[in-house]
$ cat structure-v3.pdb   # PDB, C-alpha atoms
ATOM      1  CA  MET T  10      49.737 -95.058 -84.042  1.00  0.00           C
ATOM      2  CA  ASN T  11      47.592 -96.677 -86.723  1.00  0.00           C
ATOM      3  CA  THR T  12      47.910-100.126 -85.188  1.00  0.00           C
ATOM      4  CA  CYS T  13      46.697 -99.385 -81.676  1.00  0.00           C
ATOM      5  CA  GLY T  14      45.165 -95.910 -82.014  1.00  0.00           C
ATOM      6  CA  ASP T  15      41.588 -97.155 -82.422  1.00  0.00           C
ATOM      7  CA  GLU T  16      41.955 -99.509 -79.466  1.00  0.00           C
ATOM      8  CA  VAL T  17      43.292 -96.740 -77.228  1.00  0.00           C
ATOM      9  CA  TYR T  18      40.615 -94.308 -78.407  1.00  0.00           C
ATOM     10  CA  ALA T  19      37.792 -96.789 -77.649  1.00  0.00           C
ATOM     11  CA  TYR T  20      39.240 -97.327 -74.164  1.00  0.00           C
ATOM     12  CA  LEU T  21      39.426 -93.584 -73.503  1.00  0.00           C
ATOM     13  CA  LEU T  22      35.856 -93.053 -74.692  1.00  0.00           C
ATOM     14  CA  ALA T  23      34.637 -95.801 -72.373  1.00  0.00           C
ATOM     15  CA  ARG T  24      36.708 -94.525 -69.448  1.00  0.00           C
ATOM     16  CA  LEU T  25      36.059 -90.790 -69.794  1.00  0.00           C
ATOM     17  CA  GLY T  26      32.525 -90.905 -71.193  1.00  0.00           C
ATOM     18  CA  ASN T  27      32.815 -88.172 -73.825  1.00  0.00           C
ATOM     19  CA  ARG T  28      34.753 -87.373 -76.987  1.00  0.00           C
ATOM     20  CA  PHE T  29      36.016 -84.015 -75.756  1.00  0.00           C
ATOM     21  CA  ASP T  30      38.024 -85.498 -72.861  1.00  0.00           C
ATOM     22  CA  ALA T  31      38.942 -88.603 -74.861  1.00  0.00           C
ATOM     23  CA  ASP T  32      40.481 -86.396 -77.602  1.00  0.00           C
ATOM     24  CA  ASP T  33      42.540 -84.468 -75.024  1.00  0.00           C
ATOM     25  CA  VAL T  34      43.876 -87.562 -73.300  1.00  0.00           C
ATOM     26  CA  PHE T  35      44.493 -89.301 -76.643  1.00  0.00           C
ATOM     27  CA  GLN T  36      46.787 -86.438 -77.656  1.00  0.00           C
ATOM     28  CA  SER T  37      48.669 -86.377 -74.365  1.00  0.00           C
ATOM     29  CA  THR T  38      49.028 -90.183 -74.506  1.00  0.00           C
ATOM     30  CA  PHE T  39      50.738 -90.140 -77.896  1.00  0.00           C
ATOM     31  CA  LEU T  40      52.990 -87.238 -76.929  1.00  0.00           C
ATOM     32  CA  LYS T  41      54.131 -89.341 -73.962  1.00  0.00           C
ATOM     33  CA  VAL T  42      54.556 -92.352 -76.251  1.00  0.00           C
ATOM     34  CA  ARG T  43      56.814 -90.245 -78.478  1.00  0.00           C
ATOM     35  CA  ARG T  44      58.791 -88.976 -75.475  1.00  0.00           C
ATOM     36  CA  PHE T  45      59.273 -92.368 -73.819  1.00  0.00           C
ATOM     37  CA  LEU T  46      59.758 -94.405 -77.002  1.00  0.00           C
ATOM     38  CA  PRO T  47      63.597 -94.418 -76.766  1.00  0.00           C
ATOM     39  CA  GLY T  48      63.268 -96.051 -73.325  1.00  0.00           C
ATOM     40  CA  PHE T  49      60.874 -98.781 -74.506  1.00  0.00           C
ATOM     41  CA  ARG T  50      62.660-102.105 -73.894  1.00  0.00           C
ATOM     42  CA  GLY T  51      60.088-104.392 -75.483  1.00  0.00           C
ATOM     43  CA  GLU T  52      59.264-106.168 -72.202  1.00  0.00           C
ATOM     44  CA  ALA T  53      55.554-105.892 -73.098  1.00  0.00           C
ATOM     45  CA  SER T  54      53.945-105.699 -76.537  1.00  0.00           C
ATOM     46  CA  PRO T  55      53.821-102.174 -78.017  1.00  0.00           C
ATOM     47  CA  THR T  56      49.997-102.128 -77.717  1.00  0.00           C
ATOM     48  CA  THR T  57      50.166-103.109 -74.027  1.00  0.00           C
ATOM     49  CA  TRP T  58      52.799-100.461 -73.408  1.00  0.00           C
ATOM     50  CA  VAL T  59      50.747 -97.730 -75.128  1.00  0.00           C
ATOM     51  CA  MET T  60      47.565 -98.889 -73.345  1.00  0.00           C
ATOM     52  CA  ARG T  61      49.319 -98.589 -69.954  1.00  0.00           C
ATOM     53  CA  ILE T  62      50.348 -95.028 -70.785  1.00  0.00           C
ATOM     54  CA  ALA T  63      46.740 -94.280 -71.831  1.00  0.00           C
ATOM     55  CA  MET T  64      45.416 -95.725 -68.537  1.00  0.00           C
ATOM     56  CA  ASN T  65      47.843 -93.581 -66.516  1.00  0.00           C
ATOM     57  CA  GLU T  66      46.970 -90.496 -68.532  1.00  0.00           C
ATOM     58  CA  ALA T  67      43.228 -91.133 -68.064  1.00  0.00           C
ATOM     59  CA  SER T  68      43.683 -91.538 -64.287  1.00  0.00           C
ATOM     60  CA  THR T  69      45.762 -88.361 -64.052  1.00  0.00           C
ATOM     61  CA  PHE T  70      43.190 -86.487 -66.136  1.00  0.00           C
ATOM     62  CA  ARG T  71      40.330 -87.701 -63.936  1.00  0.00           C
ATOM     63  CA  GLN T  72      42.154 -86.665 -60.755  1.00  0.00           C
ATOM     64  CA  ARG T  73      42.939 -83.251 -62.198  1.00  0.00           C
ATOM     65  CA  THR T  74      39.394 -82.553 -63.407  1.00  0.00           C
ATOM     66  CA  ARG T  75      37.528 -84.186 -60.495  1.00  0.00           C
ATOM     67  CA  HIS T  76      36.412 -80.865 -59.057  1.00  0.00           C
ATOM     68  CA  GLU T  77      35.722 -79.111 -62.355  1.00  0.00           C
ATOM     69  CA  LEU T  78      32.250 -78.649 -63.734  1.00  0.00           C
ATOM     70  CA  PRO T  79      31.770 -80.442 -67.050  1.00  0.00           C
ATOM     71  CA  LEU T  80      31.484 -78.058 -70.026  1.00  0.00           C
ATOM     72  CA  ILE T  81      30.675 -80.466 -72.790  1.00  0.00           C
ATOM     73  CA  ALA T  82      28.932 -79.776 -76.060  1.00  0.00           C
ATOM     74  CA  PRO T  83      26.136 -82.230 -76.968  1.00  0.00           C
ATOM     75  CA  GLU T  84      28.051 -83.496 -80.025  1.00  0.00           C
ATOM     76  CA  ASP T  85      30.959 -84.530 -77.784  1.00  0.00           C
ATOM     77  CA  LEU T  86      28.788 -86.854 -75.711  1.00  0.00           C
ATOM     78  CA  LEU T  87      28.869 -90.518 -76.592  1.00  0.00           C
ATOM     79  CA  PRO T  88      26.254 -91.566 -79.146  1.00  0.00           C
ATOM     80  CA  ASP T  89      23.089 -93.021 -77.677  1.00  0.00           C
ATOM     81  CA  PRO T  90      22.739 -96.461 -79.238  1.00  0.00           C
ATOM     82  CA  GLY T  91      18.996 -96.605 -78.679  1.00  0.00           C
ATOM     83  CA  THR T  92      17.955 -93.494 -80.549  1.00  0.00           C
ATOM     84  CA  ASN T  93      19.063 -94.508 -84.061  1.00  0.00           C
ATOM     85  CA  ASP T  94      17.652 -97.969 -83.833  1.00  0.00           C
ATOM     86  CA  ALA T  95      14.437 -98.777 -85.690  1.00  0.00           C
ATOM     87  CA  ALA T  96      13.369-101.056 -82.808  1.00  0.00           C
ATOM     88  CA  TYR T  97      13.655 -98.279 -80.219  1.00  0.00           C
ATOM     89  CA  ASP T  98      12.949 -99.512 -76.708  1.00  0.00           C
ATOM     90  CA  PRO T  99      12.495 -96.849 -73.958  1.00  0.00           C
ATOM     91  CA  ALA T 100      13.127 -99.381 -71.171  1.00  0.00           C
ATOM     92  CA  GLN T 101      16.353-100.423 -72.863  1.00  0.00           C
ATOM     93  CA  GLU T 102      17.357 -96.782 -73.139  1.00  0.00           C
ATOM     94  CA  GLU T 103      16.623 -96.241 -69.443  1.00  0.00           C
ATOM     95  CA  THR T 104      18.798 -99.232 -68.530  1.00  0.00           C
ATOM     96  CA  GLU T 105      21.527 -97.933 -70.823  1.00  0.00           C
ATOM     97  CA  ARG T 106      21.440 -94.517 -69.167  1.00  0.00           C
ATOM     98  CA  GLU T 107      21.611 -96.048 -65.693  1.00  0.00           C
ATOM     99  CA  ILE T 108      24.547 -98.258 -66.648  1.00  0.00           C
ATOM    100  CA  THR T 109      26.394 -95.278 -68.156  1.00  0.00           C
ATOM    101  CA  SER T 110      25.779 -93.212 -65.048  1.00  0.00           C
ATOM    102  CA  GLY T 111      26.750 -96.098 -62.752  1.00  0.00           C
ATOM    103  CA  LEU T 112      30.014 -96.653 -64.623  1.00  0.00           C
ATOM    104  CA  GLU T 113      30.865 -92.948 -64.351  1.00  0.00           C
ATOM    105  CA  HIS T 114      30.639 -93.247 -60.574  1.00  0.00           C
ATOM    106  CA  LEU T 115      33.018 -96.211 -60.381  1.00  0.00           C
ATOM    107  CA  PRO T 116      36.686 -95.666 -59.512  1.00  0.00           C
ATOM    108  CA  GLY T 117      38.962 -96.009 -62.562  1.00  0.00           C
ATOM    109  CA  ASP T 118      40.629 -99.263 -61.476  1.00  0.00           C
ATOM    110  CA  LEU T 119      37.234-100.956 -61.104  1.00  0.00           C
ATOM    111  CA  HIS T 120      35.946 -99.552 -64.381  1.00  0.00           C
ATOM    112  CA  ASP T 121      39.035-100.854 -66.206  1.00  0.00           C
ATOM    113  CA  VAL T 122      38.510-104.500 -65.235  1.00  0.00           C
ATOM    114  CA  LEU T 123      34.866-104.352 -66.382  1.00  0.00           C
ATOM    115  CA  TYR T 124      35.910-102.816 -69.704  1.00  0.00           C
ATOM    116  CA  PHE T 125      38.628-105.353 -70.459  1.00  0.00           C
ATOM    117  CA  PHE T 126      36.503-108.299 -69.328  1.00  0.00           C
ATOM    118  CA  TYR T 127      33.135-107.451 -70.877  1.00  0.00           C
ATOM    119  CA  TYR T 128      34.184-105.472 -73.932  1.00  0.00           C
ATOM    120  CA  LYS T 129      37.629-106.792 -74.860  1.00  0.00           C
ATOM    121  CA  GLU T 130      36.632-110.273 -73.618  1.00  0.00           C
ATOM    122  CA  MET T 131      40.023-110.761 -71.966  1.00  0.00           C
ATOM    123  CA  SER T 132      40.624-113.443 -69.334  1.00  0.00           C
ATOM    124  CA  TYR T 133      41.555-112.590 -65.732  1.00  0.00           C
ATOM    125  CA  GLU T 134      45.146-113.618 -66.504  1.00  0.00           C
ATOM    126  CA  GLN T 135      45.332-111.394 -69.584  1.00  0.00           C
ATOM    127  CA  ILE T 136      43.924-108.438 -67.655  1.00  0.00           C
ATOM    128  CA  ALA T 137      46.388-109.133 -64.837  1.00  0.00           C
ATOM    129  CA  ALA T 138      49.287-109.098 -67.320  1.00  0.00           C
ATOM    130  CA  LEU T 139      48.062-105.854 -68.872  1.00  0.00           C
ATOM    131  CA  LEU T 140      47.588-104.079 -65.551  1.00  0.00           C
ATOM    132  CA  GLY T 141      50.692-105.592 -63.955  1.00  0.00           C
ATOM    133  CA  ILE T 142      48.790-106.983 -60.956  1.00  0.00           C
ATOM    134  CA  PRO T 143      48.035-110.541 -59.719  1.00  0.00           C
ATOM    135  CA  ALA T 144      45.019-112.355 -61.242  1.00  0.00           C
ATOM    136  CA  GLY T 145      43.510-112.591 -57.728  1.00  0.00           C
ATOM    137  CA  THR T 146      43.438-108.795 -57.534  1.00  0.00           C
ATOM    138  CA  VAL T 147      41.651-108.657 -60.895  1.00  0.00           C
ATOM    139  CA  LYS T 148      39.008-111.067 -59.545  1.00  0.00           C
ATOM    140  CA  SER T 149      38.489-109.037 -56.375  1.00  0.00           C
ATOM    141  CA  ARG T 150      38.274-105.795 -58.378  1.00  0.00           C
ATOM    142  CA  MET T 151      35.711-107.435 -60.660  1.00  0.00           C
ATOM    143  CA  PHE T 152      33.660-108.493 -57.641  1.00  0.00           C
ATOM    144  CA  ARG T 153      33.829-105.005 -56.107  1.00  0.00           C
ATOM    145  CA  ALA T 154      33.040-103.321 -59.426  1.00  0.00           C
ATOM    146  CA  LYS T 155      29.843-105.345 -59.894  1.00  0.00           C
ATOM    147  CA  GLN T 156      28.904-104.909 -56.248  1.00  0.00           C
ATOM    148  CA  GLU T 157      29.313-101.116 -56.421  1.00  0.00           C
ATOM    149  CA  LEU T 158      27.538-100.891 -59.756  1.00  0.00           C
ATOM    150  CA  ARG T 159      24.633-102.985 -58.457  1.00  0.00           C
ATOM    151  CA  ALA T 160      24.439-100.813 -55.302  1.00  0.00           C
ATOM    152  CA  TYR T 161      24.351 -97.686 -57.467  1.00  0.00           C
ATOM    153  CA  LEU T 162      21.602 -99.127 -59.660  1.00  0.00           C
ATOM    154  CA  GLU T 163      19.598-100.169 -56.600  1.00  0.00           C
ATOM    155  CA  ALA T 164      19.872 -96.707 -55.028  1.00  0.00           C
ATOM    156  CA  HIS T 165      19.077 -95.037 -58.320  1.00  0.00           C
ATOM    157  CA  CYS T 166      16.097 -97.311 -58.950  1.00  0.00           C
ATOM    158  CA  ASP T 167      14.742 -96.741 -55.401  1.00  0.00           C
ATOM    159  CA  HIS T 168      15.101 -93.003 -55.832  1.00  0.00           C
ATOM    160  CA  ARG T 169      13.179 -93.150 -59.107  1.00  0.00           C
ATOM    161  CA  THR T 170      10.429 -95.270 -57.568  1.00  0.00           C
ATOM    162  CA  GLU T 171      10.058 -92.856 -54.625  1.00  0.00           C
ATOM    163  CA  ARG T 172       9.618 -89.889 -56.958  1.00  0.00           C
ATOM    164  CA  ARG T 173       6.727 -91.575 -58.826  1.00  0.00           C
TER     165      ARG T 173
ATOM    166  CA  MET E  10      13.926-103.534 -63.871  1.00  0.00           C
ATOM    167  CA  THR E  11      15.603-106.522 -62.251  1.00  0.00           C
ATOM    168  CA  ILE E  12      19.163-105.714 -63.195  1.00  0.00           C
ATOM    169  CA  GLU E  13      20.221-104.913 -59.640  1.00  0.00           C
ATOM    170  CA  GLN E  14      19.131-108.346 -58.416  1.00  0.00           C
ATOM    171  CA  ASN E  15      20.408-110.531 -61.220  1.00  0.00           C
ATOM    172  CA  ASP E  16      24.086-111.035 -62.017  1.00  0.00           C
ATOM    173  CA  ASP E  17      23.374-112.363 -65.524  1.00  0.00           C
ATOM    174  CA  GLU E  18      21.235-109.330 -66.298  1.00  0.00           C
ATOM    175  CA  LEU E  19      24.000-107.013 -65.146  1.00  0.00           C
ATOM    176  CA  GLU E  20      26.588-108.833 -67.260  1.00  0.00           C
ATOM    177  CA  ARG E  21      24.317-108.768 -70.304  1.00  0.00           C
ATOM    178  CA  ALA E  22      23.641-105.057 -69.784  1.00  0.00           C
ATOM    179  CA  LEU E  23      27.362-104.301 -69.483  1.00  0.00           C
ATOM    180  CA  ARG E  24      28.177-106.183 -72.690  1.00  0.00           C
ATOM    181  CA  ALA E  25      25.324-104.437 -74.510  1.00  0.00           C
ATOM    182  CA  HIS E  26      26.477-101.065 -73.160  1.00  0.00           C
ATOM    183  CA  TYR E  27      30.079-101.428 -74.330  1.00  0.00           C
ATOM    184  CA  HIS E  28      29.243-102.979 -77.691  1.00  0.00           C
ATOM    185  CA  GLY E  29      26.499-100.446 -78.373  1.00  0.00           C
ATOM    186  CA  LEU E  30      28.788 -97.501 -77.678  1.00  0.00           C
ATOM    187  CA  LEU E  31      32.169 -98.664 -78.869  1.00  0.00           C
ATOM    188  CA  SER E  32      31.747-101.083 -81.763  1.00  0.00           C
ATOM    189  CA  ASP E  33      33.390 -99.658 -84.898  1.00  0.00           C
ATOM    190  CA  VAL E  34      34.750 -96.656 -82.969  1.00  0.00           C
ATOM    191  CA  GLN E  35      37.749 -95.213 -84.770  1.00  0.00           C
ATOM    192  CA  VAL E  36      40.060 -92.312 -84.077  1.00  0.00           C
ATOM    193  CA  PRO E  37      38.562 -89.297 -85.901  1.00  0.00           C
ATOM    194  CA  GLU E  38      40.705 -88.291 -88.906  1.00  0.00           C
ATOM    195  CA  ARG E  39      41.035 -84.743 -87.585  1.00  0.00           C
ATOM    196  CA  LEU E  40      42.447 -86.016 -84.287  1.00  0.00           C
ATOM    197  CA  ARG E  41      44.759 -88.489 -86.034  1.00  0.00           C
ATOM    198  CA  HIS E  42      46.223 -85.673 -88.141  1.00  0.00           C
ATOM    199  CA  GLU E  43      46.569 -83.376 -85.127  1.00  0.00           C
ATOM    200  CA  VAL E  44      48.461 -86.015 -83.143  1.00  0.00           C
ATOM    201  CA  LEU E  45      50.722 -86.972 -86.043  1.00  0.00           C
ATOM    202  CA  GLY E  46      51.319 -83.263 -86.727  1.00  0.00           C
ATOM    203  CA  GLN E  47      52.305 -82.614 -83.099  1.00  0.00           C
ATOM    204  CA  VAL E  48      54.696 -85.557 -83.085  1.00  0.00           C
ATOM    205  CA  GLU E  49      56.255 -84.417 -86.379  1.00  0.00           C
ATOM    206  CA  ARG E  50      56.568 -80.833 -85.142  1.00  0.00           C
ATOM    207  CA  LYS E  51      58.339 -82.053 -82.019  1.00  0.00           C
ATOM    208  CA  ARG E  52      60.633 -84.198 -84.128  1.00  0.00           C
ATOM    209  CA  GLY E  53      61.267 -81.266 -86.502  1.00  0.00           C
ATOM    210  CA  TYR E  54      62.101 -78.976 -83.593  1.00  0.00           C
ATOM    211  CA  MET E  55      64.638 -81.453 -82.260  1.00  0.00           C
ATOM    212  CA  ALA E  56      66.037 -82.020 -85.762  1.00  0.00           C
ATOM    213  CA  SER E  57      66.593 -78.266 -86.276  1.00  0.00           C
ATOM    214  CA  TRP E  58      68.805 -78.162 -83.165  1.00  0.00           C
ATOM    215  CA  GLY E  59      70.891 -81.135 -84.339  1.00  0.00           C
ATOM    216  CA  PRO E  60      73.283 -79.284 -86.733  1.00  0.00           C
ATOM    217  CA  ILE E  61      73.761 -76.424 -84.247  1.00  0.00           C
ATOM    218  CA  VAL E  62      74.691 -78.811 -81.439  1.00  0.00           C
ATOM    219  CA  GLY E  63      76.997 -80.723 -83.819  1.00  0.00           C
ATOM    220  CA  LEU E  64      78.769 -77.525 -84.897  1.00  0.00           C
ATOM    221  CA  ALA E  65      79.166 -76.400 -81.273  1.00  0.00           C
ATOM    222  CA  LEU E  66      80.711 -79.758 -80.295  1.00  0.00           C
ATOM    223  CA  ALA E  67      83.058 -79.707 -83.285  1.00  0.00           C
ATOM    224  CA  SER E  68      84.172 -76.136 -82.444  1.00  0.00           C
ATOM    225  CA  ALA E  69      84.707 -77.051 -78.798  1.00  0.00           C
ATOM    226  CA  SER E  70      86.847 -80.095 -79.643  1.00  0.00           C
ATOM    227  CA  PHE E  71      88.858 -78.032 -82.159  1.00  0.00           C
ATOM    228  CA  LEU E  72      89.586 -75.446 -79.455  1.00  0.00           C
ATOM    229  CA  VAL E  73      90.609 -78.175 -76.998  1.00  0.00           C
ATOM    230  CA  VAL E  74      93.034 -79.668 -79.539  1.00  0.00           C
ATOM    231  CA  LEU E  75      94.399 -76.213 -80.351  1.00  0.00           C
ATOM    232  CA  ALA E  76      94.891 -75.335 -76.689  1.00  0.00           C
ATOM    233  CA  SER E  77      96.573 -78.643 -75.860  1.00  0.00           C
ATOM    234  CA  SER E  78      98.958 -78.367 -78.824  1.00  0.00           C
ATOM    235  CA  ARG E  79      99.870 -74.833 -77.755  1.00  0.00           C
ATOM    236  CA  LEU E  80     100.415 -76.093 -74.200  1.00  0.00           C
ATOM    237  CA  ALA E  81     102.669 -78.894 -75.463  1.00  0.00           C
ATOM    238  CA  GLU E  82     104.650 -76.351 -77.513  1.00  0.00           C
ATOM    239  CA  VAL E  83     105.185 -74.170 -74.440  1.00  0.00           C
ATOM    240  CA  VAL E  84     106.193 -77.145 -72.243  1.00  0.00           C
ATOM    241  CA  PHE E  85     108.696 -78.540 -74.784  1.00  0.00           C
ATOM    242  CA  HIS E  86     110.129 -75.063 -75.381  1.00  0.00           C
ATOM    243  CA  PHE E  87     111.312 -75.006 -71.760  1.00  0.00           C
TER     244      PHE E  87
END
$ encode --input "structure-v3.pdb" --output "structure tokens"
Amino acid sequence: MNTCGDEVYAYLLARLGNRFDADDVFQSTFLKVRRFLPGFRGEASPTTWVMRIAMNEASTFRQRTRHELPLIAPEDLLPDPGTNDAAYDPAQEETEREITSGLEHLPGDLHDVLYFFYYKEMSYEQIAALLGIPAGTVKSRMFRAKQELRAYLEAHCDHRTERR
Amino acid sequence: MTIEQNDDELERALRAHYHGLLSDVQVPERLRHEVLGQVERKRGYMASWGPIVGLALASASFLVVLASSRLAEVVFHF
């Protein structure tokens, strides 16, 4: 767990948006890893294998809790990077909040390609190998993800402008 | 804000978002211990059944051998 635990935890935080849910899914992921370990044939690297289990667990969790109201304590929310910074920029914080909100509204498969491309800096081919899909599908998901995120930001920005 | 019009801006904002939130993120020690504890408990539970299952299998095979030898004795007697 030590080798890939941090990587899986960072992914779950990004995908689920809070520590409370990330902790839950992290636990269920490693229980599944323990259960399925005897069947692991080594066709993918152990980290890839564990990451796939984490992605499935996160999707299942999201589907299960889609209709539930969030009951999250403030300390379980992700840290706000702007607030601890000496050079605090309100506009930057606003952008950050909009991006966070926009990402929460994206379907999981679209969010995943953004995460692996922009945070893990993986190529389309590497993402394709990880997700077990063709590289062309990764490209189209990337296009759709940015399109949907941009549409969300546009709508959100218009709404904010109308209120002023 | 021009982020919704500019692809570069969006990409820059996404990179900043992920790096701002996730750089140096580690599994909390409490969670690490909980997960390792759960895995160990599960392993311990399975391990505690091991000797019982072994004893049951040994007893069953002993009974099979005993029964077959008794059967052979009866058959050869006739």
$ interface_residues --input "structure-v3.pdb" --of "chain T" --to "chain E" --cutoff "9 Å" --atoms "all atoms listed in the file" --output "tab-separated table (two decimals) with C-alpha atoms, in the coordinates of the input"
chain	number	residue	atom	x	y	z
T	10	MET	CA	49.74	-95.06	-84.04
T	11	ASN	CA	47.59	-96.68	-86.72
T	14	GLY	CA	45.16	-95.91	-82.01
T	15	ASP	CA	41.59	-97.16	-82.42
T	16	GLU	CA	41.96	-99.51	-79.47
T	17	VAL	CA	43.29	-96.74	-77.23
T	18	TYR	CA	40.62	-94.31	-78.41
T	19	ALA	CA	37.79	-96.79	-77.65
T	20	TYR	CA	39.24	-97.33	-74.16
T	22	LEU	CA	35.86	-93.05	-74.69
T	23	ALA	CA	34.64	-95.80	-72.37
T	32	ASP	CA	40.48	-86.40	-77.60
T	35	PHE	CA	44.49	-89.30	-76.64
T	36	GLN	CA	46.79	-86.44	-77.66
T	37	SER	CA	48.67	-86.38	-74.36
T	39	PHE	CA	50.74	-90.14	-77.90
T	40	LEU	CA	52.99	-87.24	-76.93
T	43	ARG	CA	56.81	-90.24	-78.48
T	87	LEU	CA	28.87	-90.52	-76.59
T	88	PRO	CA	26.25	-91.57	-79.15
T	89	ASP	CA	23.09	-93.02	-77.68
T	90	PRO	CA	22.74	-96.46	-79.24
T	91	GLY	CA	19.00	-96.60	-78.68
T	100	ALA	CA	13.13	-99.38	-71.17
T	104	THR	CA	18.80	-99.23	-68.53
T	105	GLU	CA	21.53	-97.93	-70.82
T	108	ILE	CA	24.55	-98.26	-66.65
T	109	THR	CA	26.39	-95.28	-68.16
T	123	LEU	CA	34.87	-104.35	-66.38
T	124	TYR	CA	35.91	-102.82	-69.70
T	127	TYR	CA	33.14	-107.45	-70.88
T	128	TYR	CA	34.18	-105.47	-73.93
T	155	LYS	CA	29.84	-105.34	-59.89
T	158	LEU	CA	27.54	-100.89	-59.76
T	159	ARG	CA	24.63	-102.98	-58.46
T	160	ALA	CA	24.44	-100.81	-55.30
T	161	TYR	CA	24.35	-97.69	-57.47
T	162	LEU	CA	21.60	-99.13	-59.66
T	163	GLU	CA	19.60	-100.17	-56.60
T	166	CYS	CA	16.10	-97.31	-58.95
$ atom_distance --input "structure-v3.pdb" --atom1 "CA of Asp98 (chain T)" --atom2 "CA of Asn27 (chain T)"
23.1 Å
$ resolve_selection --input "structure-v3.pdb" --expression "the PyMOL selection byres ((chain T and resi 55) around 12)" --output "CSV table (one decimal) with C-alpha atoms, keeping the file's coordinate frame"
chain,number,residue,atom,x,y,z
T,10,MET,CA,49.7,-95.1,-84.0
T,12,THR,CA,47.9,-100.1,-85.2
T,13,CYS,CA,46.7,-99.4,-81.7
T,14,GLY,CA,45.2,-95.9,-82.0
T,17,VAL,CA,43.3,-96.7,-77.2
T,42,VAL,CA,54.6,-92.4,-76.3
T,45,PHE,CA,59.3,-92.4,-73.8
T,46,LEU,CA,59.8,-94.4,-77.0
T,49,PHE,CA,60.9,-98.8,-74.5
T,50,ARG,CA,62.7,-102.1,-73.9
T,51,GLY,CA,60.1,-104.4,-75.5
T,52,GLU,CA,59.3,-106.2,-72.2
T,53,ALA,CA,55.6,-105.9,-73.1
T,54,SER,CA,53.9,-105.7,-76.5
T,56,THR,CA,50.0,-102.1,-77.7
T,57,THR,CA,50.2,-103.1,-74.0
T,58,TRP,CA,52.8,-100.5,-73.4
T,59,VAL,CA,50.7,-97.7,-75.1
T,60,MET,CA,47.6,-98.9,-73.3
T,61,ARG,CA,49.3,-98.6,-70.0
T,62,ILE,CA,50.3,-95.0,-70.8
T,139,LEU,CA,48.1,-105.9,-68.9
$ atom_distance --input "structure-v3.pdb" --atom1 "CA of Leu119 (chain T)" --atom2 "CA of Glu18 (chain E)"
18.8 Å
$ resolve_selection --input "structure-v3.pdb" --expression "the PyMOL selection byres ((chain T and resi 150) around 12)" --output "PyMOL selection string"
chain T and resi 115-124+126+133+136-137+140+142-149+151-158
$ atom_distance --input "structure-v3.pdb" --atom1 "CA of Pro60 (chain E)" --atom2 "CA of Ser77 (chain E)"
25.7 Å
